[in-house]
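One structure is given here, and the rest of the page talks about it.
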Amino acid sequence: MSSNMKMDEWEDIYNAEAEFLYRFIYGMVQDRNEADDILQETFYRAIKHGKKGVKNIRAYLMRISRNIIYDKWRRRKREEGKAIQIEERDTMAEERIEIERAIQKLSPEYREVFILREMNGLNYEEISQSLNIPIGTVKSRLNRARLELRETLRRKLEL
Amino acid sequence: MNCKDVKKYLSDYIDGLLPSEMKEEFESHLNQCSECRSLVEDVKAIQKETLRIKIPQLNPYMFQRIKHRVESETQPSPFRVLYRVAMGMSFILIAIALSLYFFKPSYRIAGRSKDLYIIKEEKSGYQFPVYTAEGNYVLTSYQGGTF
């Protein structure tokens with residue numbers, strides 16, 4: 001396969017999946033520039049490694065983007081300390097609504113399930129396939145995420 | 001169904017996945033329990049708020065940037081070509097030096113007289129004379145060794 005044909009094929013995949021993926025990535029990091037970088041890096045790595053043997057391209061791209069996000073967080077935690085990330089987000093978020101802050105405070109495992117369900121609109125089966133976790137885990141994480149968010153937002157939003 | 005069950009099946013109820021019988025029990029409990037009713041209403045409100053989060057528009061040139069990055073790495077730069085040539089030549093020179101070191105001819109003195117030495121190359125059996133001048137060796141060293 002020539003490299004042009006290969007790139008054409010990847011362009012089709014990009015057109016089909018980028019928006020979905022970007023929604024998820026932005027939901028996780030809530031920063032436009034960072035989300036742009038992660039999306040670009042995700043497709044770059046996918047194209048470099050190829051998709052031989054990949055059955056579910058969306059799950060494959062999700063796995064790559066999650067690895068990048070988690071690596072960034074690990075690196076940031078090592079470099080700056082856990083508290084700084086939350087503090088920074090709080091001080092820079094005047095214009096942001098409380099719900100974005102509350103989502104940001106969810107643990108990453110709960111956050112990704114919540115975002116895929118509420119922002120990407122996936123059903124449990126699709127979330128399970130995208131994250132490669134059992135449906136039971138999807139259910140319990142989503143339930144806990146909703147309960148935690150409710151606790152955090154209860155007073156702030158005067159729900 | 002009690003309050004604990006409501007927390008357990010909250011997501012199933014919200015996402016419409018409860019079987020009809022359980023759903024009836026769930027709702028029957030909600031009618032009796034204001035705390036659980038409030039919980040369900042809050043979670044539904046959060047759902048609505050979440051949908052209001054604005055996702056920035058995707059950069060329309062994003063794929064071009066990715067494509068450019070991939071292609072610029074697959075086409076070698078002039079420096080990379082130069083580097084490869086230099087590396088290749090280094091390997092050739094090292095190979096020549098090693099072959100000269102390991103495959104040097106071995107000689108021995110096969111005979112001598114007053115004026116000359118007969119030198120023999122071991123592998124080929126080739127012999128040649130080396131003359132001395134007035135009893136001193138003209139040739140004190142040769143390729144592969146010394147007298």
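Chain identifiers are assigned as A, B, and so on, following the order in which chains appear in the structure tokens; residues are numbered from 1 within each chain, and ligands are numbered from 1 in order of appearance.
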For this session: For chain B, report every residue with an atom at most 9 Å from chain A (counting only C-alpha atoms), formatted as an MDAnalysis selection string.
Result: chainID B and resid 7:12 15 38:39 41:43 45:47 49:51 53 55:59 62:63 65:67 69:71
For this session: Just the helix (DSSP H, G or I) stuff from chain A, please, per backbone DSSP, written as an NGL selection string.
Result: :A and (3-29 or 32-49 or 57-80 or 82-91 or 98-105 or 108-118 or 124-131 or 135-156)
Let's have the selection written as a compact mmCIF listing (two decimals), in the first residue's frame, with C-alpha atoms.
# COMPACT_ATOMS: atom_id res chain seq x y z
CA SER A 3 1.84 6.04 1.68
CA ASN A 4 -0.70 8.29 -0.08
CA MET A 5 -3.32 5.56 0.01
CA LYS A 6 -2.48 4.96 3.63
CA MET A 7 -2.92 8.63 4.49
CA ASP A 8 -6.22 8.78 2.57
CA GLU A 9 -7.47 5.89 4.65
CA TRP A 10 -6.36 7.62 7.84
CA GLU A 11 -8.05 10.81 6.74
CA ASP A 12 -11.34 8.89 6.47
CA ILE A 13 -10.81 7.49 9.94
CA TYR A 14 -9.98 10.96 11.22
CA ASN A 15 -13.14 12.41 9.70
CA ALA A 16 -15.22 9.67 11.30
CA GLU A 17 -13.65 9.62 14.76
CA ALA A 18 -11.92 12.92 15.52
CA GLU A 19 -14.92 14.80 16.81
CA PHE A 20 -15.96 11.98 19.10
CA LEU A 21 -12.43 11.61 20.38
CA TYR A 22 -11.97 15.36 20.84
CA ARG A 23 -15.13 15.55 22.90
CA PHE A 24 -13.81 12.86 25.20
CA ILE A 25 -10.31 14.37 25.43
CA TYR A 26 -11.62 17.87 26.09
CA GLY A 27 -13.95 16.50 28.74
CA MET A 28 -10.99 14.85 30.44
CA VAL A 29 -8.49 17.73 30.32
CA ARG A 32 -8.40 23.54 24.46
CA ASN A 33 -4.68 23.66 23.69
CA GLU A 34 -3.98 20.52 25.63
CA ALA A 35 -6.90 18.73 23.98
CA ASP A 36 -5.56 19.78 20.53
CA ASP A 37 -2.10 18.44 21.37
CA ILE A 38 -3.47 15.16 22.66
CA LEU A 39 -5.70 14.62 19.64
CA GLN A 40 -2.80 15.31 17.29
CA GLU A 41 -0.49 12.99 19.23
CA THR A 42 -3.15 10.27 19.28
CA PHE A 43 -3.52 10.17 15.49
CA TYR A 44 0.22 10.58 14.98
CA ARG A 45 0.95 7.52 17.12
CA ALA A 46 -1.87 5.52 15.53
CA ILE A 47 -0.59 6.24 12.02
CA LYS A 48 3.01 5.47 12.99
CA HIS A 49 2.10 2.15 14.60
CA ILE A 57 -10.56 1.47 15.60
CA ARG A 58 -12.44 3.69 18.07
CA ALA A 59 -11.32 1.59 21.03
CA TYR A 60 -7.78 1.63 19.63
CA LEU A 61 -7.76 5.44 19.38
CA MET A 62 -9.35 5.74 22.81
CA ARG A 63 -6.63 3.55 24.30
CA ILE A 64 -3.90 5.70 22.77
CA SER A 65 -5.48 8.97 23.88
CA ARG A 66 -6.06 7.66 27.42
CA ASN A 67 -2.41 6.58 27.62
CA ILE A 68 -1.32 10.07 26.59
CA ILE A 69 -3.66 11.76 29.08
CA TYR A 70 -2.64 9.50 31.97
CA ASP A 71 1.08 9.90 31.11
CA LYS A 72 0.69 13.67 31.13
CA TRP A 73 -1.03 13.58 34.50
CA ARG A 74 1.59 11.27 35.97
CA ARG A 75 4.37 13.54 34.69
CA ARG A 76 2.62 16.65 35.98
CA LYS A 77 2.05 15.05 39.36
CA ARG A 78 5.75 14.17 39.58
CA GLU A 79 6.87 17.62 38.50
CA GLU A 80 4.45 19.89 40.30
CA LYS A 82 -0.85 16.73 43.02
CA ALA A 83 -2.28 19.83 44.72
CA ILE A 84 -1.06 22.33 42.12
CA GLN A 85 -3.18 20.97 39.29
CA ILE A 86 -6.39 21.38 41.24
CA GLU A 87 -5.38 24.77 42.61
CA GLU A 88 -4.50 26.07 39.13
CA ARG A 89 -7.75 24.90 37.70
CA ASP A 90 -9.67 26.58 40.51
CA THR A 91 -8.02 29.95 40.13
CA GLU A 98 -19.17 24.79 38.51
CA ILE A 99 -19.97 21.55 36.82
CA GLU A 100 -16.73 21.60 34.85
CA ARG A 101 -14.79 22.01 38.09
CA ALA A 102 -16.73 19.24 39.72
CA ILE A 103 -16.08 16.86 36.81
CA GLN A 104 -12.41 17.77 36.96
CA LYS A 105 -12.34 16.72 40.60
CA PRO A 108 -9.92 9.75 36.30
CA GLU A 109 -11.65 6.35 36.24
CA TYR A 110 -15.01 7.85 37.17
CA ARG A 111 -14.46 10.91 34.98
CA GLU A 112 -13.87 8.98 31.76
CA VAL A 113 -16.96 6.83 32.22
CA PHE A 114 -19.08 9.88 33.10
CA ILE A 115 -17.82 11.86 30.08
CA LEU A 116 -18.38 8.99 27.66
CA ARG A 117 -21.92 8.58 28.95
CA GLU A 118 -23.01 12.19 29.41
CA TYR A 124 -22.94 1.01 28.65
CA GLU A 125 -21.94 -1.59 26.07
CA GLU A 126 -20.10 1.00 23.98
CA ILE A 127 -18.33 2.43 27.03
CA SER A 128 -17.33 -1.07 28.04
CA GLN A 129 -15.80 -1.69 24.59
CA SER A 130 -14.14 1.70 24.38
CA LEU A 131 -12.43 1.39 27.75
CA ILE A 135 -20.21 -3.56 31.87
CA GLY A 136 -20.60 -4.08 35.63
CA THR A 137 -17.59 -1.82 36.19
CA VAL A 138 -19.09 0.78 33.84
CA LYS A 139 -22.32 0.74 35.85
CA SER A 140 -20.68 1.02 39.24
CA ARG A 141 -18.25 3.76 38.16
CA LEU A 142 -21.01 5.77 36.55
CA ASN A 143 -23.19 5.42 39.61
CA ARG A 144 -20.40 6.57 41.92
CA ALA A 145 -19.47 9.42 39.59
CA ARG A 146 -23.06 10.67 39.60
CA LEU A 147 -23.34 10.41 43.37
CA GLU A 148 -20.01 12.21 43.90
CA LEU A 149 -20.94 14.97 41.48
CA ARG A 150 -24.25 15.43 43.20
CA GLU A 151 -22.50 15.81 46.55
CA THR A 152 -20.02 18.33 45.16
CA LEU A 153 -22.61 20.38 43.31
CA ARG A 154 -25.47 20.18 45.75
CA ARG A 155 -24.87 23.52 47.41
CA LYS A 156 -23.04 25.33 44.62
Seminar exercise, completed: One decimal place gives the atom CA of Ser124 of chain B-atom CA of Arg108 of chain B separation as 12.2 Å
Glu25 of chain B: which residues within 12 Å, counting only C-alpha atoms, same-chain residues fewer than 2 positions away excluded, as a tab-separated table (two decimals) with N, CA and C atoms, in the first residue's frame?
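Contents of selection00.tsv, as written:
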chain	number	residue	atom	x	y	z
B	1	MET	N	-38.28	-1.81	48.03
B	1	MET	CA	-37.04	-1.10	47.73
B	1	MET	C	-36.79	-0.02	48.78
B	2	ASN	N	-35.53	0.11	49.24
B	2	ASN	CA	-35.22	1.13	50.25
B	2	ASN	C	-34.22	2.15	49.69
B	3	CYS	N	-33.77	3.07	50.56
B	3	CYS	CA	-32.88	4.16	50.12
B	3	CYS	C	-31.55	3.60	49.57
B	5	ASP	N	-31.10	0.77	48.06
B	5	ASP	CA	-31.37	0.24	46.71
B	5	ASP	C	-31.46	1.36	45.68
B	6	VAL	N	-32.03	2.46	46.10
B	6	VAL	CA	-32.17	3.61	45.17
B	6	VAL	C	-30.77	4.08	44.73
B	9	TYR	N	-29.34	1.40	42.31
B	9	TYR	CA	-29.92	1.31	40.97
B	9	TYR	C	-30.15	2.68	40.32
B	13	TYR	N	-31.88	3.43	36.65
B	13	TYR	CA	-33.15	4.16	36.56
B	13	TYR	C	-33.02	5.39	35.64
B	18	LEU	N	-33.91	-0.05	33.99
B	18	LEU	CA	-34.56	-0.90	35.00
B	18	LEU	C	-35.73	-1.66	34.39
B	19	PRO	N	-35.84	-2.96	34.69
B	19	PRO	CA	-37.03	-3.71	34.23
B	19	PRO	C	-38.30	-3.07	34.83
B	20	SER	N	-39.42	-3.22	34.13
B	20	SER	CA	-40.62	-2.46	34.50
B	20	SER	C	-41.04	-2.69	35.96
B	21	GLU	N	-40.93	-3.91	36.44
B	21	GLU	CA	-41.34	-4.17	37.84
B	21	GLU	C	-40.47	-3.40	38.82
B	22	MET	N	-39.17	-3.44	38.58
B	22	MET	CA	-38.23	-2.73	39.46
B	22	MET	C	-38.43	-1.22	39.37
B	23	LYS	N	-38.75	-0.80	38.18
B	23	LYS	CA	-38.96	0.63	37.97
B	23	LYS	C	-40.16	1.11	38.80
B	27	GLU	N	-39.98	3.85	41.73
B	27	GLU	CA	-40.78	5.08	41.73
B	27	GLU	C	-41.72	5.14	42.93
B	28	SER	N	-42.16	3.98	43.33
B	28	SER	CA	-43.03	3.92	44.51
B	28	SER	C	-42.25	4.41	45.73
B	29	HIS	N	-40.97	4.01	45.82
B	29	HIS	CA	-40.13	4.49	46.94
B	29	HIS	C	-39.91	6.01	46.83
B	30	LEU	N	-39.70	6.48	45.62
B	30	LEU	CA	-39.48	7.93	45.44
B	30	LEU	C	-40.68	8.74	45.92
B	31	ASN	N	-41.88	8.19	45.68
B	31	ASN	CA	-43.09	8.90	46.11
B	31	ASN	C	-43.17	9.03	47.63
B	32	GLN	N	-42.53	8.05	48.30
B	32	GLN	CA	-42.60	8.07	49.76
B	32	GLN	C	-41.42	8.78	50.41
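In this model, the gap between atom CA of Ile119 of chain B and atom CA of Ser99 of chain B comes to 22.9 Å.
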